[in-house]
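As provided, input05.cif (mmCIF, C-alpha atoms) reads as follows.
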data_model
loop_
_atom_site.group_PDB
_atom_site.id
_atom_site.type_symbol
_atom_site.label_atom_id
_atom_site.label_comp_id
_atom_site.auth_asym_id
_atom_site.auth_seq_id
_atom_site.Cartn_x
_atom_site.Cartn_y
_atom_site.Cartn_z
ATOM 1 C CA MET Q 1 132.135 -78.307 -86.940
ATOM 2 C CA ASP Q 2 131.769 -79.247 -90.594
ATOM 3 C CA GLU Q 3 134.216 -79.993 -93.401
ATOM 4 C CA LEU Q 4 134.572 -76.296 -94.315
ATOM 5 C CA ASP Q 5 135.432 -75.491 -90.701
ATOM 6 C CA ARG Q 6 138.149 -78.157 -90.788
ATOM 7 C CA GLN Q 7 139.621 -76.760 -93.980
ATOM 8 C CA LEU Q 8 139.463 -73.250 -92.566
ATOM 9 C CA ILE Q 9 141.251 -74.307 -89.357
ATOM 10 C CA ASN Q 10 143.968 -76.100 -91.326
ATOM 11 C CA ALA Q 11 144.458 -73.109 -93.620
ATOM 12 C CA LEU Q 12 144.560 -70.635 -90.731
ATOM 13 C CA GLN Q 13 147.084 -72.727 -88.792
ATOM 14 C CA ASN Q 14 149.434 -72.254 -91.728
ATOM 15 C CA GLY Q 15 149.114 -68.518 -91.379
ATOM 16 C CA LEU Q 16 147.244 -65.450 -92.540
ATOM 17 C CA PRO Q 17 149.019 -63.334 -95.165
ATOM 18 C CA VAL Q 18 149.847 -59.696 -94.447
ATOM 19 C CA CYS Q 19 147.940 -57.774 -97.140
ATOM 20 C CA GLN Q 20 144.933 -55.465 -97.430
ATOM 21 C CA SER Q 21 142.332 -58.286 -97.660
ATOM 22 C CA PRO Q 22 144.043 -61.294 -96.081
ATOM 23 C CA PHE Q 23 140.931 -63.519 -95.969
ATOM 24 C CA LYS Q 24 140.315 -63.250 -99.716
ATOM 25 C CA THR Q 25 142.574 -66.161 -100.781
ATOM 26 C CA ILE Q 26 141.165 -68.521 -98.161
ATOM 27 C CA ALA Q 27 137.585 -67.459 -98.961
ATOM 28 C CA THR Q 28 138.123 -68.104 -102.670
ATOM 29 C CA ALA Q 29 139.712 -71.501 -102.017
ATOM 30 C CA LEU Q 30 136.766 -72.552 -99.846
ATOM 31 C CA MET Q 31 134.227 -70.926 -102.215
ATOM 32 C CA LEU Q 32 132.918 -68.732 -99.402
ATOM 33 C CA SER Q 33 132.581 -64.973 -99.061
ATOM 34 C CA GLU Q 34 135.019 -63.174 -96.780
ATOM 35 C CA GLU Q 35 132.073 -62.413 -94.475
ATOM 36 C CA ASP Q 36 131.274 -66.135 -94.292
ATOM 37 C CA VAL Q 37 134.887 -66.912 -93.401
ATOM 38 C CA LEU Q 38 134.805 -64.298 -90.641
ATOM 39 C CA ALA Q 39 131.464 -65.566 -89.332
ATOM 40 C CA ARG Q 40 132.893 -69.097 -89.146
ATOM 41 C CA LEU Q 41 136.078 -67.847 -87.512
ATOM 42 C CA ARG Q 42 134.061 -65.926 -84.922
ATOM 43 C CA ARG Q 43 131.980 -69.013 -84.187
ATOM 44 C CA LEU Q 44 135.082 -71.228 -83.842
ATOM 45 C CA LEU Q 45 136.593 -68.751 -81.386
ATOM 46 C CA ASP Q 46 133.364 -68.229 -79.417
ATOM 47 C CA SER Q 47 132.813 -71.971 -79.072
ATOM 48 C CA GLY Q 48 136.403 -72.561 -77.940
ATOM 49 C CA ILE Q 49 137.473 -74.777 -80.854
ATOM 50 C CA LEU Q 50 140.083 -72.104 -81.561
ATOM 51 C CA THR Q 51 141.757 -70.569 -78.516
ATOM 52 C CA ARG Q 52 143.426 -67.687 -80.362
ATOM 53 C CA PHE Q 53 143.605 -66.000 -83.705
ATOM 54 C CA GLY Q 54 146.303 -63.476 -84.473
ATOM 55 C CA PRO Q 55 150.070 -62.936 -84.352
ATOM 56 C CA LEU Q 56 151.898 -65.515 -82.220
ATOM 57 C CA TYR Q 57 154.715 -63.636 -80.517
ATOM 58 C CA ASN Q 58 158.000 -65.330 -79.689
ATOM 59 C CA ALA Q 59 158.891 -64.209 -76.168
ATOM 60 C CA GLU Q 60 162.585 -65.105 -76.480
ATOM 61 C CA GLN Q 61 163.035 -63.214 -79.727
ATOM 62 C CA LEU Q 62 161.466 -60.170 -78.065
ATOM 63 C CA GLY Q 63 164.201 -60.235 -75.430
ATOM 64 C CA GLY Q 64 162.001 -62.134 -73.019
ATOM 65 C CA ALA Q 65 162.394 -65.582 -71.563
ATOM 66 C CA LEU Q 66 160.404 -68.792 -71.355
ATOM 67 C CA THR Q 67 160.445 -71.755 -69.080
ATOM 68 C CA LEU Q 68 158.432 -74.880 -68.303
ATOM 69 C CA ALA Q 69 157.769 -75.515 -64.631
ATOM 70 C CA ALA Q 70 155.786 -77.990 -62.566
ATOM 71 C CA VAL Q 71 154.474 -78.416 -59.041
ATOM 72 C CA LYS Q 72 153.079 -81.284 -56.991
ATOM 73 C CA ALA Q 73 149.748 -79.925 -55.776
ATOM 74 C CA PRO Q 74 147.932 -81.926 -53.087
ATOM 75 C CA THR Q 75 144.522 -82.996 -54.430
ATOM 76 C CA GLU Q 76 142.580 -81.045 -51.816
ATOM 77 C CA ARG Q 77 144.435 -77.827 -52.725
ATOM 78 C CA PHE Q 78 144.493 -78.363 -56.483
ATOM 79 C CA ASP Q 79 141.960 -75.674 -57.462
ATOM 80 C CA ASN Q 80 143.507 -73.147 -55.104
ATOM 81 C CA VAL Q 81 147.014 -73.768 -56.480
ATOM 82 C CA VAL Q 82 145.729 -73.456 -60.060
ATOM 83 C CA ALA Q 83 144.050 -70.151 -59.198
ATOM 84 C CA ILE Q 84 147.273 -68.780 -57.681
ATOM 85 C CA ILE Q 85 149.375 -69.835 -60.686
ATOM 86 C CA ASN Q 86 146.874 -68.670 -63.323
ATOM 87 C CA ALA Q 87 146.610 -65.242 -61.688
ATOM 88 C CA PHE Q 88 150.131 -64.473 -62.942
ATOM 89 C CA PRO Q 89 149.855 -62.877 -66.410
ATOM 90 C CA GLU Q 90 153.279 -64.393 -67.185
ATOM 91 C CA VAL Q 91 151.683 -67.873 -67.140
ATOM 92 C CA ALA Q 92 150.979 -68.438 -70.841
ATOM 93 C CA HIS Q 93 149.836 -72.077 -70.727
ATOM 94 C CA ASN Q 94 148.895 -74.346 -67.872
ATOM 95 C CA TYR Q 95 147.983 -78.039 -68.048
ATOM 96 C CA ALA Q 96 146.836 -80.596 -65.505
ATOM 97 C CA ARG Q 97 148.703 -83.897 -65.964
ATOM 98 C CA ASP Q 98 148.230 -87.347 -64.453
ATOM 99 C CA HIS Q 99 151.423 -87.553 -62.393
ATOM 100 C CA ALA Q 100 152.665 -86.615 -58.919
ATOM 101 C CA LEU Q 101 153.875 -83.457 -60.687
ATOM 102 C CA ASN Q 102 150.298 -82.642 -61.628
ATOM 103 C CA ILE Q 103 150.415 -78.973 -62.725
ATOM 104 C CA TRP Q 104 152.671 -77.978 -65.623
ATOM 105 C CA PHE Q 105 152.865 -74.394 -66.819
ATOM 106 C CA VAL Q 106 154.823 -72.264 -69.259
ATOM 107 C CA LEU Q 107 156.063 -68.904 -68.023
ATOM 108 C CA ALA Q 108 156.880 -66.127 -70.486
ATOM 109 C CA THR Q 109 158.467 -62.923 -69.191
ATOM 110 C CA GLU Q 110 159.582 -59.725 -70.917
ATOM 111 C CA THR Q 111 163.107 -60.026 -69.514
ATOM 112 C CA PRO Q 112 165.180 -63.040 -68.373
ATOM 113 C CA GLU Q 113 165.622 -61.378 -64.973
ATOM 114 C CA GLN Q 114 161.876 -61.620 -64.274
ATOM 115 C CA LEU Q 115 161.765 -65.434 -64.551
ATOM 116 C CA PRO Q 116 163.347 -66.329 -61.174
ATOM 117 C CA ILE Q 117 161.310 -63.602 -59.484
ATOM 118 C CA ILE Q 118 158.026 -65.045 -60.766
ATOM 119 C CA LEU Q 119 159.130 -68.619 -59.961
ATOM 120 C CA ASP Q 120 159.974 -67.550 -56.399
ATOM 121 C CA ALA Q 121 156.651 -65.739 -56.079
ATOM 122 C CA ILE Q 122 154.759 -68.851 -57.202
ATOM 123 C CA ALA Q 123 156.718 -71.012 -54.740
ATOM 124 C CA GLU Q 124 156.024 -68.579 -51.933
ATOM 125 C CA GLN Q 125 152.320 -68.096 -52.658
ATOM 126 C CA THR Q 126 151.605 -71.796 -53.192
ATOM 127 C CA GLY Q 127 153.991 -73.053 -50.510
ATOM 128 C CA LEU Q 128 155.144 -75.692 -53.021
ATOM 129 C CA ARG Q 129 158.507 -76.550 -54.533
ATOM 130 C CA VAL Q 130 158.586 -75.343 -58.139
ATOM 131 C CA TYR Q 131 160.475 -77.660 -60.512
ATOM 132 C CA ASN Q 132 162.011 -75.358 -63.107
ATOM 133 C CA MET Q 133 162.749 -77.061 -66.433
ATOM 134 C CA PRO Q 134 163.960 -74.442 -68.911
ATOM 135 C CA LYS Q 135 164.847 -75.837 -72.309
ATOM 136 C CA ILE Q 136 168.533 -76.539 -72.773
ATOM 137 C CA LYS Q 137 168.045 -77.201 -76.467
ATOM 138 C CA GLU Q 138 165.111 -77.140 -78.891
ATOM 139 C CA TYR Q 139 165.136 -79.928 -81.492
ATOM 140 C CA PHE Q 140 161.756 -79.369 -83.104
ATOM 141 C CA VAL Q 141 158.635 -77.209 -82.788
ATOM 142 C CA ASN Q 142 155.604 -77.623 -84.999
ATOM 143 C CA LEU Q 143 152.471 -76.196 -83.487
ATOM 144 C CA LYS Q 144 150.059 -77.352 -86.201
ATOM 145 C CA LEU Q 145 147.551 -80.167 -85.748
ATOM 146 C CA GLU Q 146 145.396 -81.313 -88.614
ATOM 147 C CA ALA Q 147 141.695 -80.678 -87.995
ATOM 148 C CA MET I 1 161.512 -53.554 -81.412
ATOM 149 C CA ASP I 2 160.496 -49.916 -80.852
ATOM 150 C CA ASP I 3 157.493 -48.266 -79.188
ATOM 151 C CA THR I 4 155.320 -48.561 -82.294
ATOM 152 C CA ASP I 5 156.065 -52.297 -82.553
ATOM 153 C CA ARG I 6 155.177 -52.634 -78.879
ATOM 154 C CA ARG I 7 151.879 -50.802 -79.433
ATOM 155 C CA ILE I 8 151.075 -53.204 -82.276
ATOM 156 C CA MET I 9 151.974 -56.151 -80.048
ATOM 157 C CA HIS I 10 149.818 -54.925 -77.182
ATOM 158 C CA ALA I 11 146.881 -54.315 -79.534
ATOM 159 C CA THR I 12 147.089 -57.813 -81.048
ATOM 160 C CA GLN I 13 148.306 -60.162 -78.336
ATOM 161 C CA SER I 14 144.781 -61.246 -77.496
ATOM 162 C CA GLY I 15 143.907 -61.443 -81.186
ATOM 163 C CA LEU I 16 143.542 -59.735 -84.537
ATOM 164 C CA PRO I 17 140.375 -57.711 -85.297
ATOM 165 C CA LEU I 18 137.839 -59.967 -87.039
ATOM 166 C CA THR I 19 137.153 -57.725 -90.019
ATOM 167 C CA THR I 20 137.687 -58.224 -93.742
ATOM 168 C CA GLU I 21 140.585 -55.747 -93.517
ATOM 169 C CA PRO I 22 142.049 -56.493 -90.073
ATOM 170 C CA TYR I 23 145.313 -54.579 -90.621
ATOM 171 C CA GLN I 24 143.323 -51.515 -91.704
ATOM 172 C CA THR I 25 141.164 -51.807 -88.567
ATOM 173 C CA LEU I 26 144.291 -52.154 -86.449
ATOM 174 C CA ALA I 27 145.884 -49.128 -88.123
ATOM 175 C CA GLU I 28 142.815 -47.028 -87.365
ATOM 176 C CA GLN I 29 142.837 -48.152 -83.721
ATOM 177 C CA LEU I 30 146.478 -47.139 -83.380
ATOM 178 C CA GLY I 31 146.430 -43.974 -85.495
ATOM 179 C CA LEU I 32 148.903 -45.431 -88.004
ATOM 180 C CA THR I 33 148.701 -46.010 -91.744
ATOM 181 C CA VAL I 34 147.864 -49.520 -92.912
ATOM 182 C CA ASP I 35 151.109 -49.603 -94.887
ATOM 183 C CA GLU I 36 153.117 -48.975 -91.751
ATOM 184 C CA VAL I 37 151.245 -51.641 -89.757
ATOM 185 C CA MET I 38 151.749 -54.209 -92.523
ATOM 186 C CA ALA I 39 155.421 -53.326 -92.993
ATOM 187 C CA ARG I 40 156.062 -53.699 -89.262
ATOM 188 C CA LEU I 41 154.196 -57.016 -89.020
ATOM 189 C CA LYS I 42 156.192 -58.350 -91.977
ATOM 190 C CA ALA I 43 159.446 -57.186 -90.400
ATOM 191 C CA MET I 44 158.541 -58.825 -87.077
ATOM 192 C CA GLN I 45 157.790 -62.085 -88.912
ATOM 193 C CA ALA I 46 161.097 -61.864 -90.784
ATOM 194 C CA ASN I 47 163.142 -61.371 -87.622
ATOM 195 C CA GLY I 48 161.271 -64.067 -85.686
ATOM 196 C CA CYS I 49 159.492 -61.805 -83.168
ATOM 197 C CA ILE I 50 156.248 -63.187 -84.633
ATOM 198 C CA ARG I 51 156.315 -66.945 -85.318
ATOM 199 C CA ARG I 52 153.255 -66.674 -87.556
ATOM 200 C CA ILE I 53 149.873 -64.971 -87.785
ATOM 201 C CA GLY I 54 147.303 -67.683 -87.477
ATOM 202 C CA ALA I 55 144.890 -69.821 -85.526
ATOM 203 C CA VAL I 56 145.607 -71.886 -82.415
ATOM 204 C CA PRO I 57 143.160 -74.753 -81.923
ATOM 205 C CA ASN I 58 142.156 -76.474 -78.706
ATOM 206 C CA HIS I 59 143.614 -79.967 -79.279
ATOM 207 C CA TYR I 60 140.768 -81.687 -77.480
ATOM 208 C CA ARG I 61 138.104 -79.999 -79.582
ATOM 209 C CA LEU I 62 139.777 -81.266 -82.752
ATOM 210 C CA GLY I 63 139.506 -84.803 -81.409
ATOM 211 C CA TYR I 64 143.069 -85.088 -80.107
ATOM 212 C CA LEU I 65 142.075 -86.512 -76.739
ATOM 213 C CA PHE I 66 145.437 -88.173 -76.059
ATOM 214 C CA ASN I 67 148.020 -85.428 -75.601
ATOM 215 C CA GLY I 68 151.046 -86.950 -73.975
ATOM 216 C CA MET I 69 154.215 -85.368 -72.732
ATOM 217 C CA THR I 70 156.652 -88.256 -73.148
ATOM 218 C CA VAL I 71 159.769 -87.876 -71.001
ATOM 219 C CA TRP I 72 162.896 -90.003 -71.384
ATOM 220 C CA ASN I 73 166.078 -90.589 -69.433
ATOM 221 C CA VAL I 74 168.863 -90.809 -72.004
ATOM 222 C CA PRO I 75 172.634 -90.355 -71.594
ATOM 223 C CA ASP I 76 173.540 -86.649 -71.708
ATOM 224 C CA GLU I 77 176.276 -87.269 -74.265
ATOM 225 C CA ARG I 78 173.720 -88.706 -76.709
ATOM 226 C CA VAL I 79 170.758 -86.395 -76.029
ATOM 227 C CA ASP I 80 171.420 -84.058 -78.996
ATOM 228 C CA GLU I 81 171.695 -86.877 -81.512
ATOM 229 C CA LEU I 82 168.595 -88.634 -80.141
ATOM 230 C CA GLY I 83 166.581 -85.420 -79.776
ATOM 231 C CA GLN I 84 167.141 -84.651 -83.469
ATOM 232 C CA GLN I 85 165.891 -88.121 -84.420
ATOM 233 C CA VAL I 86 162.811 -88.039 -82.193
ATOM 234 C CA GLY I 87 161.966 -84.496 -83.346
ATOM 235 C CA GLN I 88 161.762 -85.779 -86.913
ATOM 236 C CA LEU I 89 158.909 -88.186 -86.126
ATOM 237 C CA SER I 90 155.765 -86.809 -87.759
ATOM 238 C CA PHE I 91 153.544 -87.019 -84.664
ATOM 239 C CA VAL I 92 155.983 -85.166 -82.367
ATOM 240 C CA SER I 93 154.956 -81.502 -82.042
ATOM 241 C CA HIS I 94 157.717 -80.326 -79.687
ATOM 242 C CA CYS I 95 161.026 -81.910 -78.692
ATOM 243 C CA TYR I 96 163.411 -80.452 -76.106
ATOM 244 C CA HIS I 97 166.399 -81.220 -73.914
ATOM 245 C CA ARG I 98 165.526 -80.111 -70.362
ATOM 246 C CA PRO I 99 167.314 -80.468 -67.007
ATOM 247 C CA ARG I 100 166.834 -83.415 -64.657
ATOM 248 C CA HIS I 101 165.830 -82.892 -61.022
ATOM 249 C CA LEU I 102 167.407 -85.888 -59.329
ATOM 250 C CA PRO I 103 166.423 -88.074 -57.631
ATOM 251 C CA ASP I 104 162.705 -87.708 -58.329
ATOM 252 C CA TRP I 105 162.877 -86.458 -61.925
ATOM 253 C CA PRO I 106 165.531 -88.308 -63.967
ATOM 254 C CA TYR I 107 164.199 -87.347 -67.414
ATOM 255 C CA ASN I 108 166.142 -85.074 -69.785
ATOM 256 C CA LEU I 109 164.423 -85.523 -73.183
ATOM 257 C CA PHE I 110 160.853 -84.298 -73.695
ATOM 258 C CA ALA I 111 158.672 -85.065 -76.748
ATOM 259 C CA MET I 112 155.020 -84.037 -77.045
ATOM 260 C CA VAL I 113 152.738 -86.434 -78.924
ATOM 261 C CA HIS I 114 149.101 -86.032 -79.965
ATOM 262 C CA ALA I 115 146.644 -88.733 -81.009
ATOM 263 C CA LYS I 116 142.944 -89.385 -81.350
ATOM 264 C CA SER I 117 142.968 -92.827 -79.721
ATOM 265 C CA GLN I 118 144.803 -94.781 -77.025
ATOM 266 C CA THR I 119 145.939 -97.289 -79.652
ATOM 267 C CA ASP I 120 147.464 -94.538 -81.776
ATOM 268 C CA VAL I 121 149.279 -92.919 -78.869
ATOM 269 C CA ASP I 122 150.611 -96.276 -77.635
ATOM 270 C CA HIS I 123 151.988 -96.875 -81.113
ATOM 271 C CA GLN I 124 153.626 -93.435 -81.151
ATOM 272 C CA ILE I 125 155.296 -94.031 -77.770
ATOM 273 C CA GLN I 126 156.527 -97.428 -78.965
ATOM 274 C CA GLN I 127 158.052 -95.816 -82.058
ATOM 275 C CA ILE I 128 159.997 -93.355 -79.890
ATOM 276 C CA ALA I 129 161.159 -96.180 -77.612
ATOM 277 C CA THR I 130 162.335 -98.141 -80.638
ATOM 278 C CA ARG I 131 164.194 -95.109 -81.979
ATOM 279 C CA LEU I 132 165.974 -94.620 -78.633
ATOM 280 C CA GLY I 133 166.821 -98.311 -78.219
ATOM 281 C CA ASP I 134 169.411 -99.037 -75.510
ATOM 282 C CA ALA I 135 169.759 -95.317 -74.767
ATOM 283 C CA ASN I 136 166.338 -95.362 -73.075
ATOM 284 C CA ARG I 137 167.035 -95.819 -69.358
ATOM 285 C CA GLY I 138 163.451 -95.170 -68.362
ATOM 286 C CA HIS I 139 160.479 -93.119 -69.450
ATOM 287 C CA GLU I 140 157.055 -91.910 -68.452
ATOM 288 C CA VAL I 141 154.127 -90.421 -70.347
ATOM 289 C CA LEU I 142 152.220 -87.596 -68.676
ATOM 290 C CA PHE I 143 148.827 -87.145 -70.290
ATOM 291 C CA SER I 144 147.147 -83.799 -69.986
ATOM 292 C CA THR I 145 143.795 -84.131 -68.277
ATOM 293 C CA GLN I 146 142.693 -80.504 -68.533
ATOM 294 C CA ILE I 147 143.760 -77.230 -70.108
ATOM 295 C CA LEU I 148 143.960 -74.879 -67.130
ATOM 296 C CA LYS I 149 145.062 -71.818 -69.136
ATOM 297 C CA LYS I 150 146.061 -71.089 -72.717
ATOM 298 C CA THR I 151 146.550 -67.429 -73.491
ATOM 299 C CA GLY I 152 149.951 -67.265 -75.173
ATOM 300 C CA PHE I 153 152.620 -64.698 -74.418
ATOM 301 C CA ARG I 154 151.226 -61.503 -72.927
ATOM 302 C CA SER I 155 152.864 -58.371 -71.758
ATOM 303 C CA ARG I 156 152.250 -57.242 -68.226
ATOM 304 C CA PHE I 157 152.349 -53.612 -69.315
ATOM 305 C CA ASP I 158 149.184 -53.116 -71.358
#
Structure rendered as structure tokens:
Amino acid sequence: MDELDRQLINALQNGLPVCQSPFKTIATALMLSEEDVLARLRRLLDSGILTRFGPLYNAEQLGGALTLAAVKAPTERFDNVVAIINAFPEVAHNYARDHALNIWFVLATETPEQLPIILDAIAEQTGLRVYNMPKIKEYFVNLKLEA
Amino acid sequence: MDDTDRRIMHATQSGLPLTTEPYQTLAEQLGLTVDEVMARLKAMQANGCIRRIGAVPNHYRLGYLFNGMTVWNVPDERVDELGQQVGQLSFVSHCYHRPRHLPDWPYNLFAMVHAKSQTDVDHQIQQIATRLGDANRGHEVLFSTQILKKTGFRSRFD
């Protein structure tokens, strides 16, 4: 990853415009061709430096629902529990954390009614208590990190 | 959101086509005009269905090796006031009021912090503790040790 990659990542975290040639402005600013920008973008995605590129949908605004939940997975069953949880397409993010509650995941469903069903299914399939921690209030969200 | 919006969502939830004219490519895939695709994407951004169209980095790969979920036990009657203050700190990426699960989970205020070194993250946690003052009745920091999945919101009905 070089300096141009960093600038490209920072620019693309701010957002891509909706117009016929949306990479043109960024390409001009970085003194690259649009093809060069796309080649770099493809490389950043392929190498895993970027995990996604495209519209970021807001599940709640689409009538869906979100929650954060955690389980205490015994060490010897950790991989198995992760596999069970990740198999649900509703699991949008999942992180291992250094705590007794060692698996933390975000569930996003198309309707609020689906949330408890999925939480119950995860509890049943893993045999673990699922700690459901839906947000009561959001004070701040800023998803950008400077590269 | 109508059927056409849903088709656009399903076609783009794993990503935008990597072409110089991605909305044109998308329109061709869906049998729509580019003007209609762009108008709908703009409308979905305006009404909040799309937060933004952009890139999501892997924190670790950008050098942010210390990604901590800081969790705090503060009095419920002060959580809104304190959450607003903590959310304003520049290094906090998300800040939420969430329910306790007593007795083993007493924490009701969550703030995510991201740093490139242990020293930096310790300093960030100290700044939050200072901001909370006497209201802090206990806290923990849960560092992420591995990303197990990161796909974003996806529909089950592709």
May I have the residues of chain I within 6 Å of chain Q, counting all atoms listed in the file, written as a PyMOL selection string?
chain I and resi 15-16+21+49-58+61-62+83-84+87+93-99+142-153
Which residue gives the smallest distance to Val130 of chain Q among Q:Ala27, Q:Ala69, Q:Glu3, Q:Arg40, with all atoms listed in the file counted?
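Answer, going by the shortest atom-to-atom distance: Q:Ala69.
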Gap from atom CA of Met38 of chain I to atom CA of Thr4 of chain I - Å, one decimal:
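Rounded to one decimal, the two atoms are 12.2 Å apart.
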Separation of atom CA of Trp105 of chain I from atom CA of Glu77 of chain I, in Å and rounded to one decimal:
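Separation of atom CA of Trp105 of chain I and atom CA of Glu77 of chain I: 18.2 Å.
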With distances taken over all atoms listed in the file, which of I:His10, I:Val34, I:Phe110, I:Leu41 is nearest to Met69 of chain I?
I:Phe110
Counting all atoms listed in the file, what is within 9 Å of Tyr64 of chain I, bar same-chain residues fewer than 5 positions away, as a list in words?
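The contact residues come out as Leu145 of chain Q; Asn58, His59, His114, Ala115, Lys116 and Ser117 of chain I.
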Record the distance separating atom CA of Asp120 of chain Q and atom CA of Gly68 of chain I, expressed in Å with one decimal.
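Pair atom CA of Asp120 of chain Q / atom CA of Gly68 of chain I returns 27.7 Å.
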